[in-house]
Amino acid sequence: MSQHQKIWLVAGEDSGDQLGAKLIRALRALSPQPPTLGGVGGEAMAAEGFSSLFPIDDVAVMGYLPVLARARTLLRRIRETADDVVAAGPDVLVIIDSPGFTHAVATRVRKRLPDLPIVDYVSPSVWAWRPWRAKGMVPFIDHVLALLPFEPEAHRRLGGPPCTYVGHPLIERLAELRPSPEEQAVREGRPPVLAVLPGSRRSEIERLMPVFGRALSELTKRVGPFEIELPAVSRHRALIERLAVAWERHPRIVHGEAAKYATFRRARAALAASGTVTLELALSGVPMVVAYKVSRVEEVIARRLIQVPTIVLPNLILSENAMPEFVQADCTPERLADTLAPLMAGGPARRAQLDALARIDGRMRLANDEEPSRAAARIVLSARRAA
């Protein structure tokens, strides 16, 4: 490996931008000389001195209708990004998440620079749905950097590219997720706190808020008084506040990531929509009940496409359904309250889930407690363009 490398990074949304920023810091820390960087990123990468080809908002689009509405802009940005990579001729290209955008760039680059190593940072969920995508990545992806420990085996089983588990960025934030001894002592002396997380998408919130509100009323009858804290997604704050007005038990609504993690440190248990937040709760050591509801059309499609026995990330990591989940018709106020009650009150069900949560660390930690961004940077720096 030469002393100096030219590395192009392409992110397509905020989560990828955050990963890219940490990767930039790790690349600089591990490189004998500062690498030359270019590509596409957002505000977090810009704060690291990264200059983006264009604003990331141009391509940070999710959902079929929004993508169709901006198809012309997206196609133009895909072409411009691929042209920029080819013109720069870097030693390695790192695409970060957002496969709709980044994979389109990678396929174009591979046709024009067939010897350029291409690393995909964040595996698509091939283990959950559309598993044929794994094999389809082989022609244009040389290495996948996985955030979840079961993903390398999934790619091996499905015939995908070489894949290495580099760790989830959340394991770099355990001090923020878990209570200090002082916070633990304060928590034991107060009424129990239930964290309520109704999702991050508008459709999730609209479907789950009424069910959650009735479940909290039922739970009060079973366990007595407790406090309710609801960390709200900023862009849906008004919607959450409006729907919470109808609840018999009014929550304390908090805003921002720091406030959310403070809620986790106080919480005795949680009622949560399925998603990344379940992994945050698991790493916080908070017992949970997971719920999800989608439209009938989405349910029919999901039943045909989803390939896993659970939709809860901690369960997938543990290879057991330790965190109870209630989906569609099973997602009723009574069932949610019945399952939450022993988690709030204590007993065998709570102890069993706490024991399962304690095993999450061992599954997710890297050797020598290496930071995920550093593990990712080592692989990126070891990639080498053919002479």
# chains A, B, ... in the order shown; residues from 1 in each chain; ligands from 1
>>> select_by_dssp(residues="region 289-382 of chain A", states="alpha helix (DSSP H)", output="PDB file with N, CA, C and O atoms, in the first residue's frame")
ATOM      1  N   ARG A 296     -53.149  -2.959   4.637  1.00  0.00           N
ATOM      2  CA  ARG A 296     -53.433  -4.308   4.154  1.00  0.00           C
ATOM      3  C   ARG A 296     -52.594  -4.645   2.922  1.00  0.00           C
ATOM      4  O   ARG A 296     -52.101  -5.754   2.786  1.00  0.00           O
ATOM      5  N   VAL A 297     -52.430  -3.674   2.031  1.00  0.00           N
ATOM      6  CA  VAL A 297     -51.628  -3.916   0.830  1.00  0.00           C
ATOM      7  C   VAL A 297     -50.188  -4.221   1.214  1.00  0.00           C
ATOM      8  O   VAL A 297     -49.576  -5.180   0.710  1.00  0.00           O
ATOM      9  N   GLU A 298     -49.629  -3.411   2.122  1.00  0.00           N
ATOM     10  CA  GLU A 298     -48.246  -3.643   2.563  1.00  0.00           C
ATOM     11  C   GLU A 298     -48.112  -4.989   3.269  1.00  0.00           C
ATOM     12  O   GLU A 298     -47.098  -5.676   3.145  1.00  0.00           O
ATOM     13  N   GLU A 299     -49.149  -5.383   4.003  1.00  0.00           N
ATOM     14  CA  GLU A 299     -49.118  -6.665   4.710  1.00  0.00           C
ATOM     15  C   GLU A 299     -49.034  -7.828   3.721  1.00  0.00           C
ATOM     16  O   GLU A 299     -48.252  -8.760   3.897  1.00  0.00           O
ATOM     17  N   VAL A 300     -49.840  -7.764   2.657  1.00  0.00           N
ATOM     18  CA  VAL A 300     -49.831  -8.824   1.646  1.00  0.00           C
ATOM     19  C   VAL A 300     -48.463  -8.924   0.990  1.00  0.00           C
ATOM     20  O   VAL A 300     -47.910 -10.021   0.811  1.00  0.00           O
ATOM     21  N   ILE A 301     -47.896  -7.768   0.629  1.00  0.00           N
ATOM     22  CA  ILE A 301     -46.571  -7.751  -0.005  1.00  0.00           C
ATOM     23  C   ILE A 301     -45.517  -8.296   0.953  1.00  0.00           C
ATOM     24  O   ILE A 301     -44.671  -9.117   0.581  1.00  0.00           O
ATOM     25  N   ALA A 302     -45.580  -7.849   2.218  1.00  0.00           N
ATOM     26  CA  ALA A 302     -44.577  -8.261   3.202  1.00  0.00           C
ATOM     27  C   ALA A 302     -44.613  -9.765   3.432  1.00  0.00           C
ATOM     28  O   ALA A 302     -43.565 -10.414   3.556  1.00  0.00           O
ATOM     29  N   ARG A 303     -45.802 -10.334   3.497  1.00  0.00           N
ATOM     30  CA  ARG A 303     -45.907 -11.781   3.749  1.00  0.00           C
ATOM     31  C   ARG A 303     -45.239 -12.587   2.636  1.00  0.00           C
ATOM     32  O   ARG A 303     -44.743 -13.691   2.863  1.00  0.00           O
ATOM     33  N   ARG A 304     -45.233 -12.047   1.431  1.00  0.00           N
ATOM     34  CA  ARG A 304     -44.610 -12.743   0.311  1.00  0.00           C
ATOM     35  C   ARG A 304     -43.102 -12.531   0.254  1.00  0.00           C
ATOM     36  O   ARG A 304     -42.375 -13.403  -0.230  1.00  0.00           O
ATOM     37  N   LEU A 305     -42.636 -11.377   0.729  1.00  0.00           N
ATOM     38  CA  LEU A 305     -41.234 -11.025   0.530  1.00  0.00           C
ATOM     39  C   LEU A 305     -40.350 -11.230   1.748  1.00  0.00           C
ATOM     40  O   LEU A 305     -39.168 -11.535   1.617  1.00  0.00           O
ATOM     41  N   LEU A 313     -34.783  -6.403  15.455  1.00  0.00           N
ATOM     42  CA  LEU A 313     -33.334  -6.548  15.271  1.00  0.00           C
ATOM     43  C   LEU A 313     -32.646  -7.274  16.424  1.00  0.00           C
ATOM     44  O   LEU A 313     -31.812  -8.163  16.179  1.00  0.00           O
ATOM     45  N   PRO A 314     -32.922  -6.943  17.697  1.00  0.00           N
ATOM     46  CA  PRO A 314     -32.263  -7.688  18.773  1.00  0.00           C
ATOM     47  C   PRO A 314     -32.561  -9.187  18.724  1.00  0.00           C
ATOM     48  O   PRO A 314     -31.690 -10.007  19.034  1.00  0.00           O
ATOM     49  N   ASN A 315     -33.769  -9.562  18.336  1.00  0.00           N
ATOM     50  CA  ASN A 315     -34.092 -10.981  18.211  1.00  0.00           C
ATOM     51  C   ASN A 315     -33.264 -11.643  17.113  1.00  0.00           C
ATOM     52  O   ASN A 315     -32.806 -12.777  17.257  1.00  0.00           O
ATOM     53  N   LEU A 316     -33.083 -10.941  15.993  1.00  0.00           N
ATOM     54  CA  LEU A 316     -32.278 -11.478  14.906  1.00  0.00           C
ATOM     55  C   LEU A 316     -30.824 -11.656  15.343  1.00  0.00           C
ATOM     56  O   LEU A 316     -30.170 -12.636  14.990  1.00  0.00           O
ATOM     57  N   ILE A 317     -30.316 -10.702  16.110  1.00  0.00           N
ATOM     58  CA  ILE A 317     -28.935 -10.784  16.593  1.00  0.00           C
ATOM     59  C   ILE A 317     -28.763 -11.947  17.564  1.00  0.00           C
ATOM     60  O   ILE A 317     -27.759 -12.661  17.531  1.00  0.00           O
ATOM     61  N   LEU A 318     -29.773 -12.175  18.396  1.00  0.00           N
ATOM     62  CA  LEU A 318     -29.709 -13.241  19.398  1.00  0.00           C
ATOM     63  C   LEU A 318     -30.113 -14.605  18.846  1.00  0.00           C
ATOM     64  O   LEU A 318     -29.907 -15.622  19.509  1.00  0.00           O
ATOM     65  N   PRO A 333     -54.451  -3.221  22.216  1.00  0.00           N
ATOM     66  CA  PRO A 333     -54.122  -2.607  23.511  1.00  0.00           C
ATOM     67  C   PRO A 333     -54.023  -3.631  24.632  1.00  0.00           C
ATOM     68  O   PRO A 333     -53.127  -3.554  25.483  1.00  0.00           O
ATOM     69  N   GLU A 334     -54.929  -4.598  24.632  1.00  0.00           N
ATOM     70  CA  GLU A 334     -54.961  -5.584  25.714  1.00  0.00           C
ATOM     71  C   GLU A 334     -53.708  -6.455  25.706  1.00  0.00           C
ATOM     72  O   GLU A 334     -53.097  -6.703  26.758  1.00  0.00           O
ATOM     73  N   ARG A 335     -53.315  -6.936  24.529  1.00  0.00           N
ATOM     74  CA  ARG A 335     -52.141  -7.804  24.454  1.00  0.00           C
ATOM     75  C   ARG A 335     -50.862  -7.043  24.787  1.00  0.00           C
ATOM     76  O   ARG A 335     -49.962  -7.571  25.444  1.00  0.00           O
ATOM     77  N   LEU A 336     -50.775  -5.795  24.325  1.00  0.00           N
ATOM     78  CA  LEU A 336     -49.597  -4.984  24.655  1.00  0.00           C
ATOM     79  C   LEU A 336     -49.517  -4.759  26.159  1.00  0.00           C
ATOM     80  O   LEU A 336     -48.443  -4.904  26.766  1.00  0.00           O
ATOM     81  N   ALA A 337     -50.643  -4.415  26.786  1.00  0.00           N
ATOM     82  CA  ALA A 337     -50.653  -4.169  28.229  1.00  0.00           C
ATOM     83  C   ALA A 337     -50.343  -5.439  29.015  1.00  0.00           C
ATOM     84  O   ALA A 337     -49.580  -5.415  29.991  1.00  0.00           O
ATOM     85  N   ASP A 338     -50.928  -6.561  28.598  1.00  0.00           N
ATOM     86  CA  ASP A 338     -50.684  -7.833  29.291  1.00  0.00           C
ATOM     87  C   ASP A 338     -49.208  -8.202  29.283  1.00  0.00           C
ATOM     88  O   ASP A 338     -48.694  -8.770  30.259  1.00  0.00           O
ATOM     89  N   THR A 339     -48.518  -7.902  28.181  1.00  0.00           N
ATOM     90  CA  THR A 339     -47.116  -8.289  28.056  1.00  0.00           C
ATOM     91  C   THR A 339     -46.188  -7.274  28.715  1.00  0.00           C
ATOM     92  O   THR A 339     -45.117  -7.630  29.218  1.00  0.00           O
ATOM     93  N   LEU A 340     -46.598  -6.010  28.731  1.00  0.00           N
ATOM     94  CA  LEU A 340     -45.797  -4.981  29.395  1.00  0.00           C
ATOM     95  C   LEU A 340     -45.851  -5.097  30.914  1.00  0.00           C
ATOM     96  O   LEU A 340     -44.861  -4.804  31.593  1.00  0.00           O
ATOM     97  N   ALA A 341     -46.986  -5.512  31.448  1.00  0.00           N
ATOM     98  CA  ALA A 341     -47.184  -5.501  32.907  1.00  0.00           C
ATOM     99  C   ALA A 341     -46.082  -6.247  33.661  1.00  0.00           C
ATOM    100  O   ALA A 341     -45.493  -5.683  34.605  1.00  0.00           O
ATOM    101  N   PRO A 342     -45.755  -7.482  33.297  1.00  0.00           N
ATOM    102  CA  PRO A 342     -44.682  -8.156  34.050  1.00  0.00           C
ATOM    103  C   PRO A 342     -43.302  -7.540  33.837  1.00  0.00           C
ATOM    104  O   PRO A 342     -42.420  -7.699  34.685  1.00  0.00           O
ATOM    105  N   LEU A 343     -43.091  -6.835  32.715  1.00  0.00           N
ATOM    106  CA  LEU A 343     -41.815  -6.148  32.509  1.00  0.00           C
ATOM    107  C   LEU A 343     -41.699  -4.937  33.426  1.00  0.00           C
ATOM    108  O   LEU A 343     -40.593  -4.591  33.867  1.00  0.00           O
ATOM    109  N   MET A 344     -42.815  -4.302  33.712  1.00  0.00           N
ATOM    110  CA  MET A 344     -42.813  -3.155  34.618  1.00  0.00           C
ATOM    111  C   MET A 344     -42.756  -3.609  36.066  1.00  0.00           C
ATOM    112  O   MET A 344     -42.055  -3.015  36.896  1.00  0.00           O
ATOM    113  N   ALA A 345     -43.490  -4.683  36.396  1.00  0.00           N
ATOM    114  CA  ALA A 345     -43.621  -5.086  37.792  1.00  0.00           C
ATOM    115  C   ALA A 345     -42.441  -5.913  38.282  1.00  0.00           C
ATOM    116  O   ALA A 345     -42.081  -5.872  39.452  1.00  0.00           O
ATOM    117  N   PRO A 348     -40.236 -13.320  36.566  1.00  0.00           N
ATOM    118  CA  PRO A 348     -39.504 -14.164  35.608  1.00  0.00           C
ATOM    119  C   PRO A 348     -39.427 -13.584  34.197  1.00  0.00           C
ATOM    120  O   PRO A 348     -38.390 -13.701  33.543  1.00  0.00           O
ATOM    121  N   ALA A 349     -40.519 -12.993  33.701  1.00  0.00           N
ATOM    122  CA  ALA A 349     -40.511 -12.465  32.328  1.00  0.00           C
ATOM    123  C   ALA A 349     -39.515 -11.319  32.200  1.00  0.00           C
ATOM    124  O   ALA A 349     -38.773 -11.226  31.208  1.00  0.00           O
ATOM    125  N   ARG A 350     -39.473 -10.453  33.195  1.00  0.00           N
ATOM    126  CA  ARG A 350     -38.525  -9.337  33.158  1.00  0.00           C
ATOM    127  C   ARG A 350     -37.086  -9.863  33.259  1.00  0.00           C
ATOM    128  O   ARG A 350     -36.204  -9.432  32.502  1.00  0.00           O
ATOM    129  N   ARG A 351     -36.855 -10.799  34.169  1.00  0.00           N
ATOM    130  CA  ARG A 351     -35.507 -11.337  34.338  1.00  0.00           C
ATOM    131  C   ARG A 351     -35.038 -12.042  33.066  1.00  0.00           C
ATOM    132  O   ARG A 351     -33.888 -11.887  32.647  1.00  0.00           O
ATOM    133  N   ALA A 352     -35.923 -12.789  32.425  1.00  0.00           N
ATOM    134  CA  ALA A 352     -35.547 -13.499  31.203  1.00  0.00           C
ATOM    135  C   ALA A 352     -35.145 -12.522  30.105  1.00  0.00           C
ATOM    136  O   ALA A 352     -34.160 -12.752  29.382  1.00  0.00           O
ATOM    137  N   GLN A 353     -35.886 -11.411  29.977  1.00  0.00           N
ATOM    138  CA  GLN A 353     -35.529 -10.456  28.931  1.00  0.00           C
ATOM    139  C   GLN A 353     -34.242  -9.715  29.280  1.00  0.00           C
ATOM    140  O   GLN A 353     -33.414  -9.465  28.397  1.00  0.00           O
ATOM    141  N   LEU A 354     -34.046  -9.375  30.542  1.00  0.00           N
ATOM    142  CA  LEU A 354     -32.797  -8.725  30.941  1.00  0.00           C
ATOM    143  C   LEU A 354     -31.594  -9.640  30.665  1.00  0.00           C
ATOM    144  O   LEU A 354     -30.536  -9.178  30.223  1.00  0.00           O
ATOM    145  N   ASP A 355     -31.750 -10.930  30.916  1.00  0.00           N
ATOM    146  CA  ASP A 355     -30.668 -11.874  30.629  1.00  0.00           C
ATOM    147  C   ASP A 355     -30.357 -11.907  29.127  1.00  0.00           C
ATOM    148  O   ASP A 355     -29.192 -11.963  28.719  1.00  0.00           O
ATOM    149  N   ALA A 356     -31.420 -11.887  28.309  1.00  0.00           N
ATOM    150  CA  ALA A 356     -31.216 -11.884  26.853  1.00  0.00           C
ATOM    151  C   ALA A 356     -30.530 -10.604  26.399  1.00  0.00           C
ATOM    152  O   ALA A 356     -29.608 -10.639  25.579  1.00  0.00           O
ATOM    153  N   LEU A 357     -30.976  -9.471  26.953  1.00  0.00           N
ATOM    154  CA  LEU A 357     -30.370  -8.196  26.576  1.00  0.00           C
ATOM    155  C   LEU A 357     -28.892  -8.151  26.953  1.00  0.00           C
ATOM    156  O   LEU A 357     -28.083  -7.546  26.242  1.00  0.00           O
ATOM    157  N   ALA A 358     -28.531  -8.795  28.061  1.00  0.00           N
ATOM    158  CA  ALA A 358     -27.132  -8.804  28.492  1.00  0.00           C
ATOM    159  C   ALA A 358     -26.244  -9.537  27.491  1.00  0.00           C
ATOM    160  O   ALA A 358     -25.029  -9.295  27.435  1.00  0.00           O
ATOM    161  N   ARG A 359     -26.831 -10.432  26.690  1.00  0.00           N
ATOM    162  CA  ARG A 359     -26.041 -11.174  25.705  1.00  0.00           C
ATOM    163  C   ARG A 359     -25.819 -10.388  24.416  1.00  0.00           C
ATOM    164  O   ARG A 359     -24.997 -10.772  23.584  1.00  0.00           O
ATOM    165  N   ILE A 360     -26.565  -9.292  24.233  1.00  0.00           N
ATOM    166  CA  ILE A 360     -26.422  -8.480  23.019  1.00  0.00           C
ATOM    167  C   ILE A 360     -25.001  -7.950  22.885  1.00  0.00           C
ATOM    168  O   ILE A 360     -24.404  -7.950  21.805  1.00  0.00           O
ATOM    169  N   ASP A 361     -24.433  -7.504  24.008  1.00  0.00           N
ATOM    170  CA  ASP A 361     -23.081  -6.932  23.979  1.00  0.00           C
ATOM    171  C   ASP A 361     -22.078  -7.893  23.365  1.00  0.00           C
ATOM    172  O   ASP A 361     -21.276  -7.526  22.501  1.00  0.00           O
ATOM    173  N   GLY A 362     -22.113  -9.138  23.830  1.00  0.00           N
ATOM    174  CA  GLY A 362     -21.159 -10.116  23.349  1.00  0.00           C
ATOM    175  C   GLY A 362     -21.288 -10.385  21.865  1.00  0.00           C
ATOM    176  O   GLY A 362     -20.289 -10.661  21.185  1.00  0.00           O
ATOM    177  N   ARG A 363     -22.513 -10.295  21.352  1.00  0.00           N
ATOM    178  CA  ARG A 363     -22.730 -10.534  19.923  1.00  0.00           C
ATOM    179  C   ARG A 363     -22.270  -9.355  19.071  1.00  0.00           C
ATOM    180  O   ARG A 363     -21.905  -9.542  17.908  1.00  0.00           O
ATOM    181  N   MET A 364     -22.317  -8.137  19.624  1.00  0.00           N
ATOM    182  CA  MET A 364     -22.085  -6.947  18.808  1.00  0.00           C
ATOM    183  C   MET A 364     -20.693  -6.342  18.963  1.00  0.00           C
ATOM    184  O   MET A 364     -20.233  -5.622  18.086  1.00  0.00           O
ATOM    185  N   PRO A 372     -16.276   0.746  15.530  1.00  0.00           N
ATOM    186  CA  PRO A 372     -16.732   0.369  14.196  1.00  0.00           C
ATOM    187  C   PRO A 372     -16.115   1.197  13.072  1.00  0.00           C
ATOM    188  O   PRO A 372     -15.713   0.648  12.046  1.00  0.00           O
ATOM    189  N   SER A 373     -16.035   2.500  13.255  1.00  0.00           N
ATOM    190  CA  SER A 373     -15.493   3.338  12.190  1.00  0.00           C
ATOM    191  C   SER A 373     -14.028   3.010  11.922  1.00  0.00           C
ATOM    192  O   SER A 373     -13.558   3.054  10.778  1.00  0.00           O
ATOM    193  N   ARG A 374     -13.307   2.635  12.957  1.00  0.00           N
ATOM    194  CA  ARG A 374     -11.895   2.275  12.780  1.00  0.00           C
ATOM    195  C   ARG A 374     -11.774   0.924  12.062  1.00  0.00           C
ATOM    196  O   ARG A 374     -10.907   0.759  11.192  1.00  0.00           O
ATOM    197  N   ALA A 375     -12.639  -0.023  12.410  1.00  0.00           N
ATOM    198  CA  ALA A 375     -12.628  -1.318  11.730  1.00  0.00           C
ATOM    199  C   ALA A 375     -12.964  -1.145  10.252  1.00  0.00           C
ATOM    200  O   ALA A 375     -12.351  -1.780   9.377  1.00  0.00           O
ATOM    201  N   ALA A 376     -13.933  -0.275   9.964  1.00  0.00           N
ATOM    202  CA  ALA A 376     -14.292  -0.002   8.569  1.00  0.00           C
ATOM    203  C   ALA A 376     -13.134   0.656   7.825  1.00  0.00           C
ATOM    204  O   ALA A 376     -12.824   0.303   6.679  1.00  0.00           O
ATOM    205  N   ALA A 377     -12.481   1.618   8.473  1.00  0.00           N
ATOM    206  CA  ALA A 377     -11.377   2.333   7.826  1.00  0.00           C
ATOM    207  C   ALA A 377     -10.218   1.399   7.492  1.00  0.00           C
ATOM    208  O   ALA A 377      -9.579   1.544   6.447  1.00  0.00           O
ATOM    209  N   ARG A 378      -9.944   0.420   8.354  1.00  0.00           N
ATOM    210  CA  ARG A 378      -8.850  -0.517   8.073  1.00  0.00           C
ATOM    211  C   ARG A 378      -9.087  -1.271   6.768  1.00  0.00           C
ATOM    212  O   ARG A 378      -8.171  -1.461   5.960  1.00  0.00           O
ATOM    213  N   ILE A 379     -10.335  -1.699   6.561  1.00  0.00           N
ATOM    214  CA  ILE A 379     -10.645  -2.448   5.341  1.00  0.00           C
ATOM    215  C   ILE A 379     -10.583  -1.541   4.109  1.00  0.00           C
ATOM    216  O   ILE A 379     -10.077  -1.913   3.063  1.00  0.00           O
ATOM    217  N   VAL A 380     -11.096  -0.329   4.252  1.00  0.00           N
ATOM    218  CA  VAL A 380     -11.053   0.619   3.135  1.00  0.00           C
ATOM    219  C   VAL A 380      -9.608   0.907   2.741  1.00  0.00           C
ATOM    220  O   VAL A 380      -9.254   0.910   1.546  1.00  0.00           O
ATOM    221  N   LEU A 381      -8.749   1.124   3.719  1.00  0.00           N
ATOM    222  CA  LEU A 381      -7.350   1.443   3.412  1.00  0.00           C
ATOM    223  C   LEU A 381      -6.591   0.250   2.846  1.00  0.00           C
ATOM    224  O   LEU A 381      -5.573   0.419   2.160  1.00  0.00           O
ATOM    225  N   SER A 382      -7.061  -0.960   3.131  1.00  0.00           N
ATOM    226  CA  SER A 382      -6.390  -2.143   2.597  1.00  0.00           C
ATOM    227  C   SER A 382      -6.804  -2.440   1.158  1.00  0.00           C
ATOM    228  O   SER A 382      -6.149  -3.217   0.452  1.00  0.00           O
TER     229      SER A 382
END
>>> residues_around(residues="Glu13 (chain A)", least_positions_apart="2", cutoff="12 Å", atoms="only C-alpha atoms", output="number ranges by chain")
A: 10-11, 15-20, 40-45, 55-62, 95-102
>>> closest_residue(among="A:Lys111, A:Arg178, A:Arg157, A:Arg242", to="Ile141 (chain A)", atoms="only C-alpha atoms")
A:Lys111
>>> closest_residue(among="A:Thr36, A:Asn368, A:Thr263, A:Ser203", to="Asp91 (chain A)", atoms="only C-alpha atoms")
A:Thr36
>>> closest_residue(among="A:Ala195, A:Thr220, A:Trp247, A:Val254", to="Ala269 (chain A)", atoms="only C-alpha atoms")
A:Ala195
>>> atom_distance(atom1="CA of Arg266 (chain A)", atom2="CA of Ala322 (chain A)")
21.7 Å
>>> select_by_dssp(residues="region 112-260 of chain A", states="strand (DSSP E)", output="list in words")
Ile118, Val119, Asp120, Tyr121, His143, Val144, Leu145, Ala146, Cys163, Thr164, Tyr165, Val193, Leu194, Ala195, Val196, Leu197, Glu227, Ile228, Glu229, Leu230, Pro231, Ala232, Arg252, Ile253, Val254 and His255 of chain A
>>> residues_around(residues="Glu227 (chain A)", least_positions_apart="2", cutoff="12 Å", atoms="only C-alpha atoms", output="CSV table (one decimal) with N, CA, C and O atoms, in the first residue's frame")
chain,number,residue,atom,x,y,z
A,187,ARG,N,-33.1,6.5,39.7
A,187,ARG,CA,-34.2,5.8,39.0
A,187,ARG,C,-34.9,4.8,40.0
A,187,ARG,O,-36.1,4.7,40.0
A,190,ARG,N,-37.6,6.5,42.2
A,190,ARG,CA,-38.7,7.3,41.6
A,190,ARG,C,-39.8,6.3,41.0
A,190,ARG,O,-39.5,5.1,40.9
A,191,PRO,N,-41.0,6.8,40.7
A,191,PRO,CA,-42.0,6.0,40.0
A,191,PRO,C,-41.4,5.5,38.7
A,191,PRO,O,-40.6,6.2,38.1
A,192,PRO,N,-41.7,4.3,38.3
A,192,PRO,CA,-41.1,3.7,37.1
A,192,PRO,C,-41.5,4.6,35.8
A,192,PRO,O,-42.6,5.1,35.8
A,193,VAL,N,-40.6,4.6,34.9
A,193,VAL,CA,-40.8,5.3,33.6
A,193,VAL,C,-41.0,4.3,32.5
A,193,VAL,O,-40.2,3.4,32.4
A,194,LEU,N,-42.0,4.5,31.7
A,194,LEU,CA,-42.2,3.7,30.5
A,194,LEU,C,-41.8,4.6,29.3
A,194,LEU,O,-42.4,5.7,29.1
A,195,ALA,N,-40.9,4.1,28.5
A,195,ALA,CA,-40.6,4.9,27.3
A,195,ALA,C,-41.5,4.4,26.2
A,195,ALA,O,-41.7,3.2,26.0
A,196,VAL,N,-42.1,5.3,25.5
A,196,VAL,CA,-43.1,5.0,24.4
A,196,VAL,C,-42.5,5.6,23.1
A,196,VAL,O,-42.3,6.8,23.0
A,216,LEU,N,-51.8,2.0,27.2
A,216,LEU,CA,-51.3,2.7,28.4
A,216,LEU,C,-52.4,2.8,29.5
A,216,LEU,O,-52.1,2.6,30.7
A,219,LEU,N,-52.6,-0.7,30.9
A,219,LEU,CA,-51.5,-1.0,31.7
A,219,LEU,C,-51.6,-0.3,33.1
A,219,LEU,O,-51.2,-0.9,34.1
A,220,THR,N,-52.2,0.9,33.2
A,220,THR,CA,-52.3,1.5,34.4
A,220,THR,C,-53.2,0.7,35.4
A,220,THR,O,-53.0,0.6,36.6
A,223,VAL,N,-50.8,-2.3,36.7
A,223,VAL,CA,-49.6,-2.1,37.5
A,223,VAL,C,-49.6,-0.8,38.4
A,223,VAL,O,-48.7,-0.6,39.1
A,224,GLY,N,-50.6,0.0,38.3
A,224,GLY,CA,-50.7,1.2,39.1
A,224,GLY,C,-49.9,2.4,38.4
A,224,GLY,O,-49.6,2.3,37.2
A,225,PRO,N,-49.5,3.4,39.2
A,225,PRO,CA,-49.0,4.6,38.6
A,225,PRO,C,-47.6,4.4,38.0
A,225,PRO,O,-46.7,3.6,38.6
A,229,GLU,N,-42.8,8.7,29.1
A,229,GLU,CA,-42.0,9.6,28.4
A,229,GLU,C,-42.0,9.2,26.9
A,229,GLU,O,-41.8,8.0,26.6
A,230,LEU,N,-42.2,10.1,26.0
A,230,LEU,CA,-42.3,9.8,24.6
A,230,LEU,C,-41.3,10.7,23.8
A,230,LEU,O,-41.5,11.9,23.6
A,249,ARG,N,-53.9,8.8,29.4
A,249,ARG,CA,-52.7,9.0,30.2
A,249,ARG,C,-51.8,9.9,29.3
A,249,ARG,O,-51.3,9.5,28.2
A,250,HIS,N,-51.5,11.1,29.7
A,250,HIS,CA,-50.8,12.1,28.9
A,250,HIS,C,-49.3,11.9,29.1
A,250,HIS,O,-48.8,11.9,30.3
A,251,PRO,N,-48.5,11.7,28.0
A,251,PRO,CA,-47.1,11.5,28.2
A,251,PRO,C,-46.3,12.8,28.3
A,251,PRO,O,-46.8,13.9,27.9
A,252,ARG,N,-45.1,12.7,28.8
A,252,ARG,CA,-44.1,13.8,28.7
A,252,ARG,C,-43.4,13.6,27.4
A,252,ARG,O,-42.7,12.7,27.2
A,253,ILE,N,-43.6,14.5,26.5
A,253,ILE,CA,-43.0,14.5,25.2
A,253,ILE,C,-41.7,15.2,25.2
A,253,ILE,O,-41.6,16.4,25.6
A,263,THR,N,-34.1,9.5,28.3
A,263,THR,CA,-35.3,8.7,28.6
A,263,THR,C,-34.9,7.3,28.7
A,263,THR,O,-35.4,6.6,29.6
A,266,ARG,N,-33.5,6.4,32.0
A,266,ARG,CA,-34.5,6.4,33.1
A,266,ARG,C,-35.5,5.3,33.0
A,266,ARG,O,-36.1,4.9,34.0
A,267,ALA,N,-35.7,4.7,31.8
A,267,ALA,CA,-36.8,3.8,31.6
A,267,ALA,C,-36.6,2.4,32.3
A,267,ALA,O,-35.6,1.9,32.3
A,268,ARG,N,-37.8,2.0,32.8
A,268,ARG,CA,-37.8,0.6,33.3
A,268,ARG,C,-38.2,-0.4,32.2
A,268,ARG,O,-37.8,-1.5,32.2
A,269,ALA,N,-39.0,0.1,31.3
A,269,ALA,CA,-39.4,-0.7,30.1
A,269,ALA,C,-39.8,0.2,29.0
A,269,ALA,O,-39.9,1.4,29.2
A,270,ALA,N,-40.1,-0.4,27.8
A,270,ALA,CA,-40.5,0.4,26.7
A,270,ALA,C,-41.5,-0.3,25.8
A,270,ALA,O,-41.6,-1.5,25.8
A,344,MET,N,-42.8,-4.3,33.7
A,344,MET,CA,-42.8,-3.2,34.6
A,344,MET,C,-42.8,-3.6,36.1
A,344,MET,O,-42.1,-3.0,36.9
>>> residues_around(residues="region 158-175 of chain A", least_positions_apart="2", cutoff="6 Å", atoms="only C-alpha atoms", output="ChimeraX atom specification")
/A:134-135,138,143-147,149,152,155-156,177-178,372,375-376
>>> closest_residue(among="A:Pro35, A:Pro117, A:Gly12, A:Pro179", to="Ala383 (chain A)", atoms="only C-alpha atoms")
A:Pro117
>>> closest_residue(among="A:Arg265, A:Arg133, A:Arg79, A:Lys6", to="Glu183 (chain A)", atoms="only C-alpha atoms")
A:Arg265
>>> residues_around(residues="Lys293 (chain A)", least_positions_apart="5", cutoff="7 Å", atoms="only C-alpha atoms", output="ChimeraX atom specification")
/A:207-208,327-328
>>> closest_residue(among="A:Glu280, A:Ala21, A:Glu182, A:Pro32", to="Ala46 (chain A)", atoms="only C-alpha atoms")
A:Ala21
>>> residues_around(residues="Ala246 (chain A)", least_positions_apart="2", cutoff="12 Å", atoms="only C-alpha atoms", output="count of residues only")
17
>>> atom_distance(atom1="CA of Arg237 (chain A)", atom2="CA of Thr278 (chain A)")
20.2 Å
